[in-house]
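Q: Pasting protein-v4.cif below, which is mmCIF, C-alpha atoms.
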data_input
loop_
_atom_site.label_atom_id
_atom_site.label_comp_id
_atom_site.auth_asym_id
_atom_site.auth_seq_id
_atom_site.Cartn_x
_atom_site.Cartn_y
_atom_site.Cartn_z
CA MET A 643 0.00 0.00 0.00
CA THR A 644 2.81 2.32 0.99
CA SER A 645 4.84 1.55 -2.11
CA LYS A 646 1.73 1.99 -4.26
CA SER A 647 0.99 5.39 -2.78
CA SER A 648 4.62 6.48 -2.98
CA GLY A 649 4.70 5.33 -6.63
CA ALA A 650 1.59 7.40 -7.36
CA ALA A 651 3.11 10.40 -5.59
CA SER A 652 6.28 9.98 -7.61
CA ARG A 653 4.33 9.80 -10.90
CA HIS A 654 2.39 12.86 -9.82
CA GLY A 655 5.68 14.62 -9.09
CA PHE A 656 7.08 13.87 -12.54
CA PHE A 657 3.83 15.00 -14.15
CA ILE A 658 3.98 18.31 -12.24
CA ALA A 659 7.64 18.72 -13.21
CA GLY A 660 6.63 18.27 -16.86
CA LEU A 661 3.88 20.84 -16.46
CA ARG A 662 6.41 23.23 -14.91
CA ASP A 663 8.87 22.65 -17.75
CA SER A 664 6.13 23.41 -20.28
CA LEU A 665 6.34 27.05 -19.13
CA SER A 666 9.12 27.69 -21.65
CA ILE A 667 6.86 26.42 -24.42
CA ALA A 668 3.86 28.32 -23.08
CA ILE A 669 5.82 31.59 -23.23
CA GLY A 670 6.31 30.89 -26.92
CA TYR A 671 2.84 29.50 -27.59
CA ILE A 672 0.54 32.01 -25.92
CA PRO A 673 1.48 35.03 -28.08
CA VAL A 674 1.35 32.96 -31.28
CA ALA A 675 -1.94 31.37 -30.23
CA ILE A 676 -3.37 34.82 -29.47
CA SER A 677 -2.24 35.87 -32.95
CA PHE A 678 -3.97 32.82 -34.41
CA GLY A 679 -7.20 33.65 -32.58
CA LEU A 680 -7.01 37.21 -33.87
CA ALA A 681 -6.24 36.11 -37.43
CA ALA A 682 -9.15 33.68 -37.37
CA ILE A 683 -11.56 36.44 -36.40
CA TYR A 684 -10.13 38.71 -39.14
CA ALA A 685 -10.61 35.86 -41.63
CA GLY A 686 -14.28 35.67 -40.72
CA MET A 687 -14.21 32.59 -38.52
CA SER A 688 -16.32 32.52 -35.39
CA PRO A 689 -14.44 32.38 -32.04
CA ALA A 690 -15.87 28.89 -31.46
CA LEU A 691 -14.47 27.57 -34.77
CA ALA A 692 -11.10 29.22 -34.07
CA LEU A 693 -11.02 27.43 -30.73
CA MET A 694 -12.03 24.12 -32.32
CA THR A 695 -9.16 24.45 -34.83
CA SER A 696 -6.67 24.70 -31.98
CA LEU A 697 -8.40 21.93 -30.03
CA PHE A 698 -8.45 19.40 -32.90
CA VAL A 699 -5.60 20.31 -35.27
CA TYR A 700 -3.08 21.67 -32.72
CA ALA A 701 -0.28 22.38 -35.18
CA GLY A 702 0.77 26.03 -35.18
CA ALA A 703 1.98 27.00 -38.65
CA SER A 704 -0.38 24.70 -40.51
CA GLN A 705 -3.33 26.24 -38.64
CA PHE A 706 -2.40 29.64 -40.11
CA ILE A 707 -2.19 28.06 -43.57
CA LEU A 708 -5.55 26.34 -43.05
CA LEU A 709 -7.01 29.71 -42.14
CA SER A 710 -5.63 31.56 -45.15
CA LEU A 711 -6.65 28.77 -47.55
CA LEU A 712 -10.18 28.71 -46.17
CA ALA A 713 -10.36 32.52 -46.34
CA SER A 714 -9.19 32.48 -49.97
CA GLY A 715 -11.84 29.90 -50.90
CA GLY A 716 -9.62 26.83 -51.22
CA ALA A 717 -11.34 23.50 -51.95
CA PRO A 718 -11.79 21.48 -48.74
CA ALA A 719 -9.82 18.48 -50.05
CA SER A 720 -6.86 20.62 -51.08
CA VAL A 721 -6.89 22.50 -47.75
CA ILE A 722 -6.78 19.19 -45.85
CA GLY A 723 -4.06 17.85 -48.17
CA ILE A 724 -1.82 20.90 -47.72
CA VAL A 725 -2.26 20.90 -43.92
CA LEU A 726 -1.29 17.23 -43.74
CA LEU A 727 1.64 17.77 -46.10
CA MET A 728 2.90 20.53 -43.84
CA ASN A 729 2.66 18.23 -40.83
CA LEU A 730 4.45 15.29 -42.48
CA ARG A 731 7.63 16.21 -40.63
CA HIS A 732 5.91 14.94 -37.47
CA LEU A 733 6.28 11.40 -38.88
CA PHE A 734 9.85 11.43 -37.59
CA TYR A 735 9.06 12.72 -34.11
CA GLY A 736 7.17 9.79 -32.54
CA PRO A 737 9.84 7.11 -33.00
CA ALA A 738 12.53 9.49 -31.69
CA VAL A 739 10.49 10.22 -28.52
CA LEU A 740 9.57 6.57 -28.06
CA GLY A 741 13.26 5.67 -28.26
CA LYS A 742 13.86 7.84 -25.17
CA LEU A 743 11.16 6.10 -23.10
CA GLU A 744 12.00 2.83 -21.39
CA PRO A 745 9.77 0.09 -22.94
CA GLY A 746 9.40 -1.70 -19.59
CA GLN A 747 8.36 1.50 -17.79
CA ARG A 748 5.57 2.54 -20.20
CA ARG A 749 2.04 2.68 -18.83
CA LEU A 750 0.30 5.47 -20.75
CA PRO A 751 -1.41 4.55 -24.05
CA LEU A 752 0.40 5.53 -27.25
CA PRO A 753 -2.42 7.80 -28.52
CA ALA A 754 -2.00 9.92 -25.37
CA LEU A 755 1.74 10.19 -26.02
CA ALA A 756 1.22 11.05 -29.69
CA ALA A 757 -1.62 13.57 -29.55
CA GLY A 758 0.41 16.56 -28.36
CA LEU A 759 3.63 15.95 -30.29
CA THR A 760 4.28 19.38 -31.78
CA ASP A 761 7.60 20.84 -32.94
CA GLU A 762 8.23 22.54 -29.62
CA VAL A 763 7.15 19.60 -27.43
CA PHE A 764 9.41 17.35 -29.50
CA ALA A 765 12.34 19.75 -29.32
CA THR A 766 11.98 20.20 -25.55
CA SER A 767 11.59 16.44 -25.05
CA MET A 768 14.77 15.76 -27.00
CA ALA A 769 16.60 18.24 -24.80
CA ARG A 770 15.14 17.23 -21.44
CA LEU A 771 13.91 13.61 -21.48
CA ARG A 772 17.41 12.27 -20.86
CA GLN A 773 17.56 14.32 -17.68
CA GLN A 774 14.54 12.55 -16.17
CA PRO A 775 14.79 9.20 -14.38
CA ALA A 776 13.59 6.37 -16.68
CA SER A 777 10.63 5.53 -14.42
CA GLY A 778 9.22 9.06 -14.63
CA ARG A 779 9.89 10.01 -18.23
CA GLU A 780 6.46 9.33 -19.70
CA TYR A 781 4.70 11.19 -16.86
CA TRP A 782 7.05 14.14 -17.26
CA TYR A 783 6.37 14.03 -21.01
CA ALA A 784 2.58 13.86 -20.42
CA GLY A 785 2.81 16.94 -18.16
CA LEU A 786 4.86 18.76 -20.77
CA GLN A 787 2.30 17.94 -23.46
CA LEU A 788 -0.68 18.97 -21.37
CA GLY A 789 0.91 22.29 -20.36
CA ALA A 790 1.80 23.12 -23.95
CA TYR A 791 -1.64 22.10 -25.26
CA SER A 792 -3.45 24.12 -22.59
CA SER A 793 -1.42 27.23 -23.34
CA TRP A 794 -2.09 26.90 -27.09
CA VAL A 795 -5.84 26.39 -26.65
CA GLY A 796 -6.06 29.07 -23.94
CA GLY A 797 -4.07 31.54 -26.03
CA THR A 798 -6.35 30.95 -29.00
CA ALA A 799 -9.41 31.61 -26.83
CA ILE A 800 -7.89 34.86 -25.53
CA GLY A 801 -7.02 35.98 -29.06
CA ALA A 802 -10.41 35.07 -30.47
CA TRP A 803 -12.42 36.73 -27.73
CA PHE A 804 -10.23 39.45 -26.13
CA GLY A 805 -6.88 40.04 -27.86
CA GLN A 806 -7.77 42.45 -30.63
CA ASP A 807 -7.82 45.58 -28.47
CA TRP A 808 -4.41 44.89 -26.87
CA LEU A 809 -2.46 44.47 -30.09
CA GLU A 810 -4.07 47.47 -31.74
CA GLN A 811 -2.78 49.59 -28.88
CA SER A 812 0.88 48.51 -29.24
CA ALA A 813 2.65 47.85 -32.53
CA LEU A 814 5.90 47.15 -30.62
CA LEU A 815 4.22 44.39 -28.59
CA ALA A 816 2.85 42.88 -31.78
CA GLY A 817 6.37 42.94 -33.28
CA MET A 818 7.93 41.37 -30.18
CA LEU A 819 5.53 38.44 -30.41
CA GLY A 820 7.17 37.49 -33.70
CA PHE A 821 10.50 36.79 -31.98
CA VAL A 822 9.15 34.52 -29.25
CA LEU A 823 9.46 31.23 -31.16
CA PRO A 824 12.96 31.94 -32.58
CA ALA A 825 14.08 32.83 -29.03
CA LEU A 826 12.64 29.57 -27.71
CA PHE A 827 14.34 27.51 -30.44
CA PHE A 828 17.68 29.23 -29.79
CA ALA A 829 17.37 28.64 -26.03
CA LEU A 830 16.68 24.96 -26.76
CA LEU A 831 19.65 24.82 -29.13
CA LEU A 832 21.95 26.11 -26.38
CA GLU A 833 20.58 23.35 -24.16
CA ILE A 834 21.16 20.43 -26.56
CA ARG A 835 24.12 21.59 -28.63
CA THR A 836 26.47 19.00 -27.15
CA LEU A 837 24.24 16.02 -27.94
CA VAL A 838 25.40 15.77 -31.57
CA ALA A 839 28.49 16.83 -33.51
CA GLY A 840 28.74 20.52 -34.40
CA ARG A 841 28.90 19.61 -38.10
CA VAL A 842 25.50 17.96 -37.83
CA LEU A 843 23.96 21.15 -36.43
CA ALA A 844 25.73 23.35 -38.97
CA GLY A 845 24.70 21.04 -41.81
CA ALA A 846 21.06 21.06 -40.71
CA GLY A 847 21.02 24.85 -40.57
CA ILE A 848 22.72 25.28 -43.95
CA ALA A 849 20.41 22.71 -45.57
CA ALA A 850 17.31 24.44 -44.19
CA ALA A 851 18.57 27.88 -45.30
CA CYS A 852 19.42 26.63 -48.81
CA ALA A 853 16.10 24.79 -49.10
CA LEU A 854 14.28 28.03 -48.29
CA LEU A 855 15.52 29.42 -51.61
CA TRP A 856 13.32 26.96 -53.52
CA LEU A 857 10.94 25.34 -51.08
CA PRO A 858 8.24 26.50 -48.65
CA SER A 859 9.25 26.72 -44.99
CA TYR A 860 7.68 23.43 -43.88
CA ALA A 861 9.64 21.57 -46.59
CA ALA A 862 12.83 23.41 -45.62
CA ILE A 863 12.40 22.16 -42.04
CA ILE A 864 12.13 18.58 -43.33
CA ALA A 865 15.24 19.12 -45.49
CA GLY A 866 17.19 20.38 -42.46
CA MET A 867 16.10 17.42 -40.34
CA LEU A 868 17.01 14.86 -43.00
CA ALA A 869 20.36 16.52 -43.63
CA GLY A 870 21.10 16.42 -39.89
CA ALA A 871 20.11 12.74 -39.64
CA LEU A 872 22.31 11.82 -42.64
CA LEU A 873 25.27 13.82 -41.35
CA ALA A 874 24.96 12.10 -37.96
CA LEU A 875 25.77 8.81 -39.69
CA ARG A 876 29.04 10.30 -40.91
CA PHE A 877 29.87 12.40 -37.83
CA PRO A 878 28.88 10.62 -34.58
CA ALA A 879 28.53 12.59 -31.34
CA GLN A 880 31.67 12.92 -29.26
CA ALA A 881 32.01 10.32 -26.53
CA GLY A 882 30.55 11.59 -23.26
CA ALA A 883 28.26 14.12 -24.88
CA ALA A 884 25.13 12.26 -23.80
CA ALA A 885 26.49 11.91 -20.29
CA LYS A 886 27.05 15.66 -20.12
CA ALA A 887 23.38 16.21 -20.81
CA GLY A 888 22.26 13.43 -18.53
CA PRO A 889 20.78 13.38 -15.01
CA GLY A 890 22.51 15.54 -12.49
CA GLN A 891 23.26 18.26 -14.99
CA GLY A 892 19.73 19.61 -15.03
CA ASP A 893 20.40 23.27 -14.50
CA GLY A 894 19.11 24.27 -17.86
CA ARG A 895 15.43 24.64 -17.07
CA MET B 437 -17.80 28.46 -47.05
CA LYS B 438 -20.49 26.90 -44.87
CA THR B 439 -19.82 26.37 -41.19
CA ALA B 440 -20.40 22.61 -41.58
CA THR B 441 -17.78 22.43 -44.35
CA VAL B 442 -15.25 24.41 -42.29
CA LEU B 443 -15.94 22.11 -39.36
CA ALA B 444 -15.38 19.04 -41.58
CA VAL B 445 -12.06 20.49 -42.82
CA ILE B 446 -10.97 21.15 -39.23
CA LEU B 447 -11.92 17.64 -38.07
CA CYS B 448 -10.27 15.87 -41.05
CA SER B 449 -7.11 17.96 -40.63
CA GLY B 450 -7.08 17.13 -36.92
CA ILE B 451 -7.59 13.39 -37.43
CA GLY B 452 -4.94 13.30 -40.19
CA THR B 453 -2.41 15.21 -38.05
CA PHE B 454 -3.05 12.87 -35.12
CA LEU B 455 -2.50 9.81 -37.35
CA ILE B 456 0.78 11.30 -38.64
CA ARG B 457 1.94 11.57 -35.03
CA TRP B 458 0.57 8.28 -33.76
CA LEU B 459 1.07 5.67 -36.52
CA PRO B 460 4.90 5.80 -36.65
CA MET B 461 4.96 5.24 -32.87
CA ARG B 462 2.59 2.32 -33.23
CA TRP B 463 4.60 0.79 -36.09
CA GLN B 464 7.80 1.12 -34.14
CA GLU B 465 6.34 -0.45 -31.00
CA ARG B 466 4.74 -3.35 -32.85
CA GLY B 467 7.22 -4.31 -35.49
CA THR B 468 10.54 -2.64 -35.70
CA GLY B 469 11.88 -2.81 -32.16
CA GLY B 470 14.84 -4.78 -33.50
CA ALA B 471 15.54 -2.19 -36.15
CA MET B 472 15.60 0.53 -33.48
CA LYS B 473 18.55 -1.25 -31.91
CA ALA B 474 20.52 -0.85 -35.12
CA GLY B 475 23.25 1.67 -34.40
CA TRP B 476 22.82 3.69 -37.58
CA LEU B 477 19.08 4.13 -37.12
CA ARG B 478 19.46 5.06 -33.47
CA ARG B 479 22.13 7.63 -34.39
CA ALA B 480 19.96 9.11 -37.12
CA LEU B 481 16.91 9.34 -34.83
CA ASP B 482 19.00 10.87 -32.04
CA ALA B 483 20.18 13.57 -34.44
CA ILE B 484 16.71 14.39 -35.78
CA GLY B 485 15.74 16.34 -32.64
CA PRO B 486 18.76 18.68 -32.59
CA ALA B 487 18.60 19.00 -36.40
CA ALA B 488 14.91 19.91 -36.20
CA ILE B 489 15.65 22.61 -33.62
CA VAL B 490 18.33 24.14 -35.86
CA ALA B 491 16.05 23.93 -38.92
CA LEU B 492 13.13 25.51 -37.04
CA LEU B 493 15.44 28.27 -35.75
CA THR B 494 16.86 28.92 -39.22
CA VAL B 495 13.45 29.10 -40.89
CA SER B 496 11.96 31.33 -38.18
CA LEU B 497 14.94 33.74 -38.24
CA VAL B 498 14.96 34.00 -42.03
CA GLY B 499 11.24 34.77 -41.86
CA LEU B 500 11.98 37.83 -39.71
CA LEU B 501 14.65 39.24 -42.05
CA GLU B 502 13.37 41.95 -44.37
CA PRO B 503 15.26 42.08 -47.70
CA GLN B 504 14.43 45.79 -48.11
CA GLU B 505 15.98 46.64 -44.73
CA PRO B 506 18.55 43.92 -44.04
CA VAL B 507 20.56 45.77 -41.37
CA ALA B 508 17.57 47.30 -39.58
CA SER B 509 15.89 43.89 -39.36
CA ALA B 510 19.07 41.89 -38.59
CA LEU B 511 20.26 44.06 -35.67
CA PRO B 512 17.24 43.31 -33.46
CA LEU B 513 17.59 39.60 -34.29
CA LEU B 514 21.22 39.69 -33.21
CA ALA B 515 20.29 41.56 -30.01
CA GLY B 516 17.54 39.03 -29.32
CA LEU B 517 19.89 36.06 -29.74
CA LEU B 518 22.45 37.72 -27.46
CA GLY B 519 19.64 38.30 -24.98
CA VAL B 520 18.92 34.56 -25.00
CA VAL B 521 22.61 33.80 -24.39
CA ALA B 522 22.68 36.28 -21.49
CA GLY B 523 19.50 34.79 -20.04
CA ARG B 524 20.97 31.32 -20.32
CA ARG B 525 24.20 32.43 -18.62
CA TYR B 526 22.70 34.34 -15.71
CA LEU B 527 19.18 32.95 -15.22
CA HIS B 528 19.81 29.32 -16.28
CA THR B 529 16.30 28.48 -17.46
CA ILE B 530 14.83 28.08 -20.94
CA ALA B 531 11.75 30.12 -20.03
CA TRP B 532 13.74 33.08 -18.72
CA SER B 533 16.28 32.85 -21.55
CA THR B 534 13.39 33.08 -24.00
CA LEU B 535 11.93 36.06 -22.19
CA THR B 536 15.23 37.97 -21.97
CA GLY B 537 15.75 37.34 -25.67
CA VAL B 538 12.31 38.71 -26.53
CA LEU B 539 12.86 41.78 -24.33
CA ALA B 540 16.27 42.44 -25.93
CA TYR B 541 14.69 42.08 -29.37
CA GLY B 542 11.89 44.50 -28.45
CA ALA B 543 14.38 47.05 -27.05
CA ALA B 544 16.50 46.83 -30.21
CA VAL B 545 13.46 47.24 -32.46
CA TRP B 546 12.49 50.34 -30.48
CA LEU B 547 16.04 51.76 -30.72
CA VAL B 548 16.27 51.10 -34.46
CA GLN B 549 12.91 52.77 -35.01
CA ALA B 550 13.91 55.74 -32.83
CA ALA B 551 17.22 56.10 -34.72
CA GLY B 552 15.55 55.81 -38.10
#
Using structure tokens, write down the structure from this file.

A:
Amino acid sequence: MTSKSSGAASRHGFFIAGLRDSLSIAIGYIPVAISFGLAAIYAGMSPALALMTSLFVYAGASQFILLSLLASGGAPASVIGIVLLMNLRHLFYGPAVLGKLEPGQRRLPLPALAAGLTDEVFATSMARLRQQPASGREYWYAGLQLGAYSSWVGGTAIGAWFGQDWLEQSALLAGMLGFVLPALFFALLLEIRTLVAGRVLAGAGIAAACALLWLPSYAAIIAGMLAGALLALRFPAQAGAAAKAGPGQGDGR
Amino acid sequence: MKTATVLAVILCSGIGTFLIRWLPMRWQERGTGGAMKAGWLRRALDAIGPAAIVALLTVSLVGLLEPQEPVASALPLLAGLLGVVAGRRYLHTIAWSTLTGVLAYGAAVWLVQAAG
């Protein structure tokens, strides 16, 4: 009984830690989600439909594309096809996250682990999962997902119902919101830069930048990821890099 | 477009996105556990996360550069990135690093606008 209750308390603790760590994502999500809510209203969507988009699709950039395609009268089948094409990069995320969870320690159903796997949740998981004890990783990850999802949905609701007045009053604030996600990605990069060889990171960045010359941004992201994965086969991480980012070094939150 | 059609588009996009996230996990768990142990695949999957972060950063930064005003748009970006580094060095958390970066970016935008 005691071990059961202490196990539950421990799982609860990991879940809360994941929720707490989702704050860095929430700081990035809320302004963008508010912007999405605002854009949806401008595009003629009702606040309820804007909220449903964030509740069901939950994929930042492709939600903006969905909005603009709907507003410009795109055919439903082509809108759905383009949204899914944009999200194809997520195909690679699940196996990478699953590889960080101990198979014997898994209790949560896969759909629950997959539903909230956005770019930012994936990036934060890759940086932080190794720092969690194996027994608590999936609960930490569930907390991270729930915190990020709540901030995205909540931000959309604020934008759809309340945000318009705020942004109209401050152009500077509206401009600052545009830098939130790059700042988050750079902070994450500083956190995980030792996990792979520097050439892998440089190659991924160069590939994404070059791809942007010919391809849309979602395809450039895929190009960068694939280039990084291929380069990792040629340039393995330095010995000890994973240990540096492992438990006991968790000062990066 | 009718509300029912928009709702159908939203639901189909949501279901499709969920399947894109879920099915590869399911396939891996059911069938390719052995393949995951292969060193080359493990190395490639381990690198995808860091590579994705760099790619996302690159794409989002390029999106903020304005070709008509390269210096005026690049200076705030540089200030913002330095703000993240400073936040990381002195405040040690991703959330605060992000916030210091955004504040540095906002301050630089304001200065550039005031100077121009």

Q: Which residues match the PyMOL selection byres ((chain B) within 7 of (chain A)) in the file above, as number ranges by chain?

A: B: 445-450, 452-454, 456-458, 460-461, 464, 476, 479-497, 517, 520, 528-531, 533-534, 537-538, 541-542

Q: Report, in Å to a single decimal, how far apart CA of Tyr783 (chain A) and CA of Ala861 (chain A) are.

A: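 CA of Tyr783 (chain A) lies at a distance of 26.9 Å from CA of Ala861 (chain A).
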
Q: Would you mind reading off the distance between CA of Ala659 (chain A) and CA of Leu786 (chain A), one decimal, in Å?

A: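 So the answer is 8.1 Å.
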
Q: Please compute the CA of Gly660 (chain A)-CA of Val763 (chain A) distance, one decimal, in Å.

A: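 Rounded to one decimal, the two atoms are 10.7 Å apart.
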
Q: Starting from the shown file, work through the PyMOL selection byres ((chain B and resi 507-514) around 7) and note down what comes out as a PyMOL selection string.

A: chain B and resi 501-502+505-506+515-518+541+544-545+548

Q: List the residues matched by the PyMOL selection byres ((chain A and resi 795) around 8) in the displayed structure as a PyMOL selection string, ordered by chain and then by residue number.

A: chain A and resi 675+693+696-697+791-794+796-799

Q: As AutoDock Vina command-line options, please: the centre and edge lengths in Å, to one decimal, of an axis-aligned box enclosing every listed atom of region 825-834 of chain A with 8 Å added on each side.

A:
--center_x 17.3 --center_y 26.6 --center_z -27.3 --size_x 25.3 --size_y 28.4 --size_z 22.3

Q: What would region 471-501 of chain B look like with N, CA and C atoms restored, written as an mmCIF file, keeping the file's coordinate frame?

A:
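Result went into selection-v4.cif, see below:
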data_model
loop_
_atom_site.group_PDB
_atom_site.id
_atom_site.type_symbol
_atom_site.label_atom_id
_atom_site.label_comp_id
_atom_site.auth_asym_id
_atom_site.auth_seq_id
_atom_site.Cartn_x
_atom_site.Cartn_y
_atom_site.Cartn_z
ATOM 1 N N ALA B 471 14.883 -3.175 -35.292
ATOM 2 C CA ALA B 471 15.540 -2.190 -36.150
ATOM 3 C C ALA B 471 16.010 -0.975 -35.353
ATOM 4 N N MET B 472 15.224 -0.638 -34.293
ATOM 5 C CA MET B 472 15.600 0.530 -33.480
ATOM 6 C C MET B 472 16.938 0.321 -32.784
ATOM 7 N N LYS B 473 17.283 -0.995 -32.586
ATOM 8 C CA LYS B 473 18.550 -1.250 -31.910
ATOM 9 C C LYS B 473 19.727 -1.087 -32.851
ATOM 10 N N ALA B 474 19.436 -1.035 -34.153
ATOM 11 C CA ALA B 474 20.520 -0.850 -35.120
ATOM 12 C C ALA B 474 21.196 0.490 -34.845
ATOM 13 N N GLY B 475 22.523 0.460 -34.775
ATOM 14 C CA GLY B 475 23.250 1.670 -34.400
ATOM 15 C C GLY B 475 22.996 2.839 -35.320
ATOM 16 N N TRP B 476 22.958 2.571 -36.631
ATOM 17 C CA TRP B 476 22.820 3.690 -37.580
ATOM 18 C C TRP B 476 21.458 4.365 -37.449
ATOM 19 N N LEU B 477 20.419 3.546 -37.224
ATOM 20 C CA LEU B 477 19.080 4.130 -37.120
ATOM 21 C C LEU B 477 18.956 4.922 -35.822
ATOM 22 N N ARG B 478 19.482 4.369 -34.764
ATOM 23 C CA ARG B 478 19.460 5.060 -33.470
ATOM 24 C C ARG B 478 20.179 6.408 -33.573
ATOM 25 N N ARG B 479 21.347 6.397 -34.256
ATOM 26 C CA ARG B 479 22.130 7.630 -34.390
ATOM 27 C C ARG B 479 21.361 8.673 -35.204
ATOM 28 N N ALA B 480 20.720 8.192 -36.275
ATOM 29 C CA ALA B 480 19.960 9.110 -37.120
ATOM 30 C C ALA B 480 18.777 9.701 -36.341
ATOM 31 N N LEU B 481 18.064 8.851 -35.592
ATOM 32 C CA LEU B 481 16.910 9.340 -34.830
ATOM 33 C C LEU B 481 17.343 10.289 -33.712
ATOM 34 N N ASP B 482 18.490 9.979 -33.087
ATOM 35 C CA ASP B 482 19.000 10.870 -32.040
ATOM 36 C C ASP B 482 19.335 12.248 -32.593
ATOM 37 N N ALA B 483 19.767 12.286 -33.855
ATOM 38 C CA ALA B 483 20.180 13.570 -34.440
ATOM 39 C C ALA B 483 18.986 14.360 -34.969
ATOM 40 N N ILE B 484 17.851 13.691 -35.187
ATOM 41 C CA ILE B 484 16.710 14.390 -35.780
ATOM 42 C C ILE B 484 16.224 15.523 -34.872
ATOM 43 N N GLY B 485 16.219 15.298 -33.564
ATOM 44 C CA GLY B 485 15.740 16.340 -32.640
ATOM 45 C C GLY B 485 16.586 17.602 -32.725
ATOM 46 N N PRO B 486 17.911 17.491 -32.464
ATOM 47 C CA PRO B 486 18.760 18.680 -32.590
ATOM 48 C C PRO B 486 18.702 19.305 -33.985
ATOM 49 N N ALA B 487 18.664 18.451 -35.027
ATOM 50 C CA ALA B 487 18.600 19.000 -36.400
ATOM 51 C C ALA B 487 17.299 19.753 -36.620
ATOM 52 N N ALA B 488 16.201 19.232 -36.056
ATOM 53 C CA ALA B 488 14.910 19.910 -36.200
ATOM 54 C C ALA B 488 14.937 21.274 -35.504
ATOM 55 N N ILE B 489 15.583 21.334 -34.345
ATOM 56 C CA ILE B 489 15.650 22.610 -33.620
ATOM 57 C C ILE B 489 16.408 23.641 -34.454
ATOM 58 N N VAL B 490 17.547 23.212 -35.029
ATOM 59 C CA VAL B 490 18.330 24.140 -35.860
ATOM 60 C C VAL B 490 17.524 24.569 -37.083
ATOM 61 N N ALA B 491 16.839 23.600 -37.715
ATOM 62 C CA ALA B 491 16.050 23.930 -38.920
ATOM 63 C C ALA B 491 14.911 24.889 -38.570
ATOM 64 N N LEU B 492 14.235 24.630 -37.467
ATOM 65 C CA LEU B 492 13.130 25.510 -37.040
ATOM 66 C C LEU B 492 13.665 26.912 -36.733
ATOM 67 N N LEU B 493 14.832 26.966 -36.068
ATOM 68 C CA LEU B 493 15.440 28.270 -35.750
ATOM 69 C C LEU B 493 15.806 29.012 -37.036
ATOM 70 N N THR B 494 16.443 28.292 -37.967
ATOM 71 C CA THR B 494 16.860 28.920 -39.220
ATOM 72 C C THR B 494 15.659 29.500 -39.972
ATOM 73 N N VAL B 495 14.626 28.675 -40.123
ATOM 74 C CA VAL B 495 13.450 29.100 -40.890
ATOM 75 C C VAL B 495 12.758 30.290 -40.197
ATOM 76 N N SER B 496 12.662 30.242 -38.873
ATOM 77 C CA SER B 496 11.960 31.330 -38.180
ATOM 78 C C SER B 496 12.770 32.627 -38.222
ATOM 79 N N LEU B 497 14.105 32.524 -38.164
ATOM 80 C CA LEU B 497 14.940 33.740 -38.240
ATOM 81 C C LEU B 497 14.890 34.353 -39.640
ATOM 82 N N VAL B 498 15.006 33.498 -40.648
ATOM 83 C CA VAL B 498 14.960 34.000 -42.030
ATOM 84 C C VAL B 498 13.624 34.699 -42.282
ATOM 85 N N GLY B 499 12.558 34.163 -41.691
ATOM 86 C CA GLY B 499 11.240 34.770 -41.860
ATOM 87 C C GLY B 499 11.143 36.172 -41.287
ATOM 88 N N LEU B 500 12.023 36.496 -40.336
ATOM 89 C CA LEU B 500 11.980 37.830 -39.710
ATOM 90 C C LEU B 500 12.905 38.830 -40.408
ATOM 91 N N LEU B 501 13.769 38.331 -41.311
ATOM 92 C CA LEU B 501 14.650 39.240 -42.050
ATOM 93 C C LEU B 501 13.868 39.937 -43.168
#
